[in-house]
Every structure is written in C-alpha cells, then in structure tokens.
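Asker: Coordinates in run_9.cif, mmCIF, C-alpha atoms, are listed below.
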```
data_query
#
loop_
_atom_site.label_atom_id
_atom_site.label_comp_id
_atom_site.auth_asym_id
_atom_site.auth_seq_id
_atom_site.Cartn_x
_atom_site.Cartn_y
_atom_site.Cartn_z
CA MET Q 175 127.75 169.98 222.67
CA GLY Q 176 125.69 173.00 221.75
CA LEU Q 177 128.38 174.05 219.21
CA GLY Q 178 128.30 170.71 217.50
CA ILE Q 179 124.58 170.84 217.04
CA LEU Q 180 124.82 174.28 215.46
CA LEU Q 181 127.47 173.14 212.98
CA PHE Q 182 125.38 170.14 211.96
CA MET Q 183 122.33 172.27 211.40
CA ALA Q 184 124.31 174.79 209.33
CA GLY Q 185 125.63 172.01 207.08
CA ALA Q 186 122.16 170.63 206.63
CA CYS Q 187 120.85 174.01 205.39
CA GLN Q 188 123.47 174.31 202.49
CA PRO Q 189 121.95 173.51 199.00
CA GLU Q 190 123.19 170.40 197.32
CA VAL Q 191 125.53 171.19 194.40
CA PRO Q 192 124.64 168.98 191.42
CA ALA Q 193 127.34 167.01 189.77
CA ALA Q 194 128.84 168.62 186.63
CA LEU Q 195 127.23 167.34 183.34
CA PRO Q 196 129.61 166.06 180.78
CA SER Q 197 130.14 168.60 177.98
CA ALA Q 198 128.76 167.30 174.63
CA THR Q 199 131.07 167.87 171.62
CA PRO Q 200 129.01 168.67 168.43
CA ASP Q 201 129.43 166.09 165.57
CA ALA Q 202 130.89 167.60 162.31
CA ALA Q 203 128.74 165.49 159.98
CA ALA Q 204 125.59 166.46 161.79
CA LEU Q 205 126.53 170.15 161.50
CA ARG Q 206 127.04 169.80 157.73
CA GLN Q 207 123.70 168.08 157.25
CA THR Q 208 121.96 170.77 159.28
CA ALA Q 209 123.60 173.57 157.24
CA ALA Q 210 122.69 171.92 153.94
CA ALA Q 211 119.09 171.49 155.05
CA LEU Q 212 118.88 175.17 156.02
CA VAL Q 213 120.31 176.30 152.64
CA THR Q 214 117.90 174.08 150.68
CA GLN Q 215 114.94 175.35 152.71
CA ALA Q 216 115.96 178.97 152.13
CA ALA Q 217 116.30 178.41 148.36
CA GLN Q 218 112.86 176.78 148.14
CA GLN Q 219 111.30 179.67 150.05
CA THR Q 220 112.98 182.19 147.68
CA GLU Q 221 111.71 180.37 144.55
CA THR Q 222 108.20 180.22 145.99
CA ALA Q 223 108.24 183.93 146.74
CA LEU Q 224 109.47 184.82 143.23
CA ALA Q 225 106.83 182.64 141.60
CA LEU Q 226 104.07 184.47 143.47
CA LEU Q 227 105.28 187.88 142.26
CA PRO Q 228 103.34 189.25 139.20
CA PRO Q 229 105.45 189.75 136.04
CA THR Q 230 106.52 193.29 135.40
CA ALA Q 231 107.38 194.73 131.99
CA THR Q 232 110.49 196.79 131.71
CA PRO Q 233 109.56 200.05 129.99
CA LEU Q 234 111.74 201.13 127.08
CA PRO Q 235 113.41 204.52 127.27
CA SER Q 236 111.40 207.25 125.54
CA ASP Q 237 114.14 207.80 122.96
CA THR Q 238 114.30 204.13 121.84
CA PRO Q 239 112.85 203.81 118.30
CA ALA Q 240 110.14 201.24 117.68
CA PRO Q 241 111.34 198.13 115.84
CA THR Q 242 110.81 198.22 112.07
CA VAL Q 243 108.59 195.46 110.70
CA ILE Q 244 110.10 193.98 107.54
CA PRO Q 245 107.37 192.67 105.20
CA THR Q 246 107.76 189.09 103.99
CA LEU Q 247 107.65 188.74 100.21
CA ALA Q 248 105.99 185.64 98.79
CA ARG Q 249 108.56 183.86 96.65
CA SER Q 250 107.15 182.74 93.34
CA GLN Q 251 107.86 179.18 92.28
CA THR Q 252 110.57 178.72 89.69
CA PRO Q 253 109.03 177.13 86.60
CA ALA Q 254 110.43 173.75 85.70
CA PRO Q 255 112.70 173.92 82.65
CA SER Q 256 111.02 172.55 79.58
CA GLN Q 257 112.80 169.74 77.85
CA THR Q 258 113.49 170.44 74.20
CA LEU Q 259 114.52 167.58 72.04
CA PRO Q 260 117.25 168.41 69.56
CA GLY Q 261 116.20 168.15 65.92
CA VAL Q 262 117.48 165.36 63.73
CA CYS Q 263 119.99 166.55 61.17
CA ASN Q 264 119.01 164.25 58.29
CA GLN Q 265 115.43 163.07 58.02
CA VAL Q 266 112.93 162.55 55.22
CA SER Q 267 109.17 162.92 55.07
CA ALA Q 268 106.84 161.97 52.23
CA GLY Q 269 105.67 164.89 50.17
CA THR Q 270 102.15 165.41 48.84
CA PRO Q 271 101.65 163.55 46.63
CA PHE Q 272 104.43 161.10 47.35
CA ASP Q 273 104.38 158.80 44.28
CA LEU Q 274 104.29 161.24 41.39
CA THR Q 275 104.63 158.36 38.93
CA ILE Q 276 104.28 154.55 39.00
CA PRO Q 277 102.05 153.96 42.05
CA ASP Q 278 102.55 150.69 43.91
CA GLY Q 279 101.26 147.71 41.96
CA THR Q 280 101.52 149.30 38.52
CA ALA Q 281 101.34 146.59 35.81
CA LEU Q 282 104.15 146.67 33.25
CA LEU Q 283 105.40 144.51 30.46
CA ALA Q 284 108.62 142.57 30.81
CA GLY Q 285 111.55 144.64 29.65
CA GLN Q 286 109.53 147.84 29.62
CA GLY Q 287 111.40 150.95 30.71
CA PHE Q 288 109.82 153.42 33.13
CA THR Q 289 110.74 156.36 35.36
CA LYS Q 290 109.82 156.47 39.03
CA THR Q 291 109.55 159.92 40.69
CA TRP Q 292 109.18 160.49 44.44
CA ARG Q 293 108.41 163.78 46.14
CA LEU Q 294 110.48 164.02 49.32
CA VAL Q 295 110.50 166.68 52.06
CA ASN Q 296 113.60 167.65 54.02
CA SER Q 297 112.17 167.31 57.55
CA GLY Q 298 115.57 167.49 59.26
CA THR Q 299 117.71 170.43 60.36
CA CYS Q 300 120.54 170.08 57.81
CA LYS Q 301 120.51 171.35 54.26
CA TRP Q 302 120.81 168.67 51.60
CA THR Q 303 123.61 169.83 49.36
CA ARG Q 304 124.36 168.42 45.92
CA LEU Q 305 126.81 166.07 47.61
CA TYR Q 306 123.83 164.13 49.01
CA GLN Q 307 122.84 161.07 47.00
CA LEU Q 308 119.79 158.98 46.21
CA VAL Q 309 121.06 155.38 46.49
CA PHE Q 310 119.77 151.83 46.02
CA PHE Q 311 119.22 150.11 49.39
CA SER Q 312 117.69 146.65 48.89
CA GLY Q 313 115.37 144.55 46.75
CA ASN Q 314 115.71 144.48 42.97
CA SER Q 315 117.54 147.38 41.35
CA MET Q 316 115.74 146.67 38.05
CA GLY Q 317 118.63 147.95 36.00
CA ALA Q 318 118.74 151.42 37.62
CA HIS Q 319 121.87 153.43 38.33
CA GLN Q 320 122.39 152.80 42.03
CA GLU Q 321 123.99 156.12 43.06
CA ASN Q 322 122.49 159.44 41.99
CA TYR Q 323 123.55 162.89 43.25
CA LEU Q 324 120.77 165.33 44.05
CA PRO Q 325 120.09 167.73 41.19
CA VAL Q 326 119.53 170.71 43.54
CA GLU Q 327 120.14 171.80 47.14
CA VAL Q 328 117.21 171.26 49.49
CA GLU Q 329 116.74 173.51 52.52
CA PRO Q 330 115.07 172.18 55.71
CA GLY Q 331 111.31 172.16 55.18
CA ALA Q 332 111.56 172.24 51.38
CA ALA Q 333 110.45 169.49 48.97
CA VAL Q 334 112.28 167.97 46.02
CA ASP Q 335 111.21 165.60 43.25
CA LEU Q 336 113.73 162.79 42.64
CA SER Q 337 113.54 160.41 39.69
CA VAL Q 338 115.21 157.11 38.79
CA ASN Q 339 115.03 155.25 35.45
CA PHE Q 340 114.18 151.52 35.66
CA VAL Q 341 113.59 148.58 33.33
CA ALA Q 342 111.01 145.95 34.24
CA PRO Q 343 112.47 142.42 34.63
CA GLN Q 344 111.91 139.84 31.92
CA GLU Q 345 110.09 137.31 34.12
CA LEU Q 346 106.54 137.68 35.34
CA GLY Q 347 106.04 138.58 39.00
CA VAL Q 348 106.05 141.32 41.63
CA TYR Q 349 109.21 143.38 42.03
CA GLN Q 350 110.19 146.00 44.60
CA SER Q 351 113.21 148.28 44.70
CA ASN Q 352 114.05 150.09 48.00
CA TRP Q 353 115.95 153.38 48.11
CA MET Q 354 117.34 155.81 50.67
CA LEU Q 355 119.30 159.05 50.85
CA ARG Q 356 122.96 159.17 51.80
CA ALA Q 357 124.77 162.09 53.46
CA PRO Q 358 128.32 163.06 52.43
CA ASP Q 359 129.68 161.23 55.50
CA GLY Q 360 128.10 157.99 54.30
CA THR Q 361 125.10 158.02 56.70
CA LEU Q 362 121.95 156.48 55.20
CA PHE Q 363 118.61 158.01 56.17
CA GLY Q 364 115.01 157.87 55.07
CA LEU Q 365 111.43 157.86 56.26
CA GLY Q 366 109.96 157.24 59.70
CA ARG Q 367 110.45 158.57 63.23
CA ASN Q 368 113.99 157.23 63.33
CA ALA Q 369 114.70 158.16 59.71
CA ASP Q 370 115.68 154.56 59.00
CA GLY Q 371 112.89 153.48 56.64
CA PRO Q 372 113.45 153.25 52.87
CA PHE Q 373 111.03 154.38 50.16
CA TRP Q 374 110.39 152.17 47.13
CA VAL Q 375 108.93 151.45 43.74
CA LYS Q 376 106.75 148.34 43.37
CA ILE Q 377 105.57 146.93 40.04
CA VAL Q 378 103.92 143.82 38.61
CA VAL Q 379 105.28 142.31 35.42
CA VAL Q 380 102.19 140.84 33.76
CA GLU Q 381 103.24 139.89 30.24
CA THR Q 382 106.37 139.14 28.30
CA PHE Q 383 106.93 141.61 25.53
CA THR Q 384 106.95 139.97 22.09
CA PRO Q 385 107.96 142.09 19.12
CA THR Q 386 105.45 142.00 16.28
CA ALA Q 387 106.73 140.20 13.15
CA THR Q 388 106.67 142.29 9.99
CA GLY Q 389 105.37 140.82 6.68
CA GLN Q 390 107.70 140.18 3.76
#
```
Let me see the file written as structure tokens.
Answerer:
Amino acid sequence: MGLGILLFMAGACQPEVPAALPSATPDAAALRQTAAALVTQAAQQTETALALLPPTATPLPSDTPAPTVIPTLARSQTPAPSQTLPGVCNQVSAGTPFDLTIPDGTALLAGQGFTKTWRLVNSGTCKWTRLYQLVFFSGNSMGAHQENYLPVEVEPGAAVDLSVNFVAPQELGVYQSNWMLRAPDGTLFGLGRNADGPFWVKIVVVETFTPTATGQ
C-alpha cells in the first residue's frame, strides 16, 4: 500500500503537457498584399528623403570652355512691294491751247469753208507713227475727209497740231463733228482717263450765204 501511494504522488507532481496547437499555413494572397504594402512604403520614404535634400550643382571640369553667347540680330521688316500700273500705249491729252482755231460755238455762214486745228499731246507710251490716223467718229462730218494720216511722228510726251478742212452746212443750226485717233491695228483712242473720249469741232450756222447780184 505504501508503494501505491508513492506512485500516485509521483504522477501528481508531473507537469501537464499542453495539447499541440494546430500549425497555421500562411495565405498566399495575404503575403502578396503585405509585400506590396512594404514596397510602396519604402518608395514613399525614399521620395520624401530625396525631396528634403538641398539641390547640388555639378561643377564643370576646369578645361570645359564657357558657352558662347550668340547675339540676336533684329530682322528689319521687308518693305511691301509698290504697285506700279502699266502705262497705256495709246492715249491723248489736250494741249495748251487745245482749240487753236474755231472755238466751240463759233458763228459761221452756211456753206462757209473753215479749218479746225487741235493741239494734241501724246500722253501714252507708244510713238505715233505716220501710220496713225485722225478719223471721223460721230456727229456731222461737214464735208471733211474722214481719214487723215498724221503728217509727222509724235513721240510720247510730245505735242502735235492736227487740222481738218470743213464746210458749214447750208441750213441754220448747231453742228458738231467728233473725231478720234486710230492706231495701225484699228484701235480708236482719244481723250479721258480711259482714252475713249472724242474731241470735236462745234459751230453755229447763223445765216444763209446769198451771193451779191452784180449790176448790168
């Protein structure tokens, strides 16, 4: 009986062995999230540390030449091209004086002959050769020859006196005869900005001419 008591007491003095805890297996997704969080935190800490560092200039080597400053030249504005109008080849201007004979409104007798003379200026760029003509344009020709070659050549800027022989009409009234110049190619030209205006002679027939009867 004494041996039994001793064995019981010895068993009661042994420490109790805890039951084994189940081993936890780490989750793969949780490990990846933890690693990503650690990497992001490390990157943020590195950026913060770099931002706090003062900027440092990298010195150039002593043998590096200084950059050459190229001066900037002010470019002058290109002037706008001036527009030049080409001159008109054939154009007439009135000379001074213009009506050398028979001013407008001159009174004449019916059937009376007269000579009208104009002074014209070659205000174009072409020379008037002797192939140019003074020609009847409109109105009453009053018996004049309707095509008359120029008596001389006329250089640009020069003046010429041109004459035509007329006969006053037989009936009383006002009569006007309009004339122009004609180039060898048939182009008519005259006065005005567009060289399309004629020049003229204008008379008034005031009385019928009656020959005086001679005594027997």
Asker: Counting all atoms listed in the file, which of Q:Gly317, Q:Gly360, Q:Gly261, Q:Pro325 gets nearest to Arg304 of chain Q?
Answerer: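 Residue with the minimum atom-to-atom distance to Arg304 of chain Q: Q:Pro325.
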Asker: Work out how far atom CA of Lys290 of chain Q is from atom CA of Val266 of chain Q, in Å to one decimal.
Answerer: 17.6 Å
Asker: Restricting the calculation to only C-alpha atoms, which member of Q:Arg293, Q:Ser267, Q:Gln207, Q:Phe340 is positioned closest to Phe310 of chain Q?
Answerer: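 Closest candidate: Q:Phe340.
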Asker: Assuming the chain letters and numbering stay as they are in my file, what does the PyMOL selection byres ((chain Q and resi 339) around 12) actually select? List them as a list in words.
Answerer: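 Answer for the PyMOL selection byres ((chain Q and resi 339) around 12): Thr275, Ile276, Gln286, Gly287, Phe288, Thr289, Lys290, Thr291, Trp292, Ser315, Met316, Gly317, Ala318, His319, Gln320, Glu321, Asn322, Leu336, Ser337, Val338, Phe340, Val341, Ala342, Ser351 and Val375 of chain Q.
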Asker: Run the PyMOL selection byres ((chain Q and resi 345-348) around 7) mentally over the shown coordinates, then write out the matched residues as a CSV table (one decimal) with C-alpha atoms, keeping the file's coordinate frame, using the chain letters and numbers from the document.
Answerer:
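After the write, out-v9.csv holds the following:
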```csv
chain,number,residue,atom,x,y,z
Q,284,ALA,CA,108.6,142.6,30.8
Q,343,PRO,CA,112.5,142.4,34.6
Q,344,GLN,CA,111.9,139.8,31.9
Q,349,TYR,CA,109.2,143.4,42.0
Q,350,GLN,CA,110.2,146.0,44.6
Q,377,ILE,CA,105.6,146.9,40.0
Q,378,VAL,CA,103.9,143.8,38.6
Q,379,VAL,CA,105.3,142.3,35.4
Q,380,VAL,CA,102.2,140.8,33.8
Q,381,GLU,CA,103.2,139.9,30.2
```
Asker: Just want the 10 Å neighbourhood of Leu365 of chain Q, counted on only C-alpha atoms, with same-chain residues fewer than 4 positions away dropped. Output as number ranges by chain.
Answerer: Q: 265-268, 294-295, 297, 354-355, 369-373
Asker: Under the rule that only C-alpha atoms are counted, which of Q:Gln218, Q:Asn264, Q:Thr299, Q:Thr270 is the nearest residue to Val334 of chain Q?
Answerer: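 That would be Q:Thr270, the residue with the smallest distance to Val334 of chain Q.
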Asker: Taking (117.5, 149.8, 48.5) in the coordinates of the supplied file, I want to know which residues reach to within 6 Å of it, counting all atoms listed in the file; could you give the answer as a PDB file with C-alpha atoms, keeping the file's coordinate frame?
Answerer:
```
ATOM      1  CA  PHE Q 310     119.770 151.830  46.020  1.00  0.00           C
ATOM      2  CA  PHE Q 311     119.220 150.110  49.390  1.00  0.00           C
ATOM      3  CA  SER Q 312     117.690 146.650  48.890  1.00  0.00           C
ATOM      4  CA  GLY Q 313     115.370 144.550  46.750  1.00  0.00           C
ATOM      5  CA  SER Q 351     113.210 148.280  44.700  1.00  0.00           C
ATOM      6  CA  ASN Q 352     114.050 150.090  48.000  1.00  0.00           C
ATOM      7  CA  TRP Q 353     115.950 153.380  48.110  1.00  0.00           C
TER       8      TRP Q 353
END
```
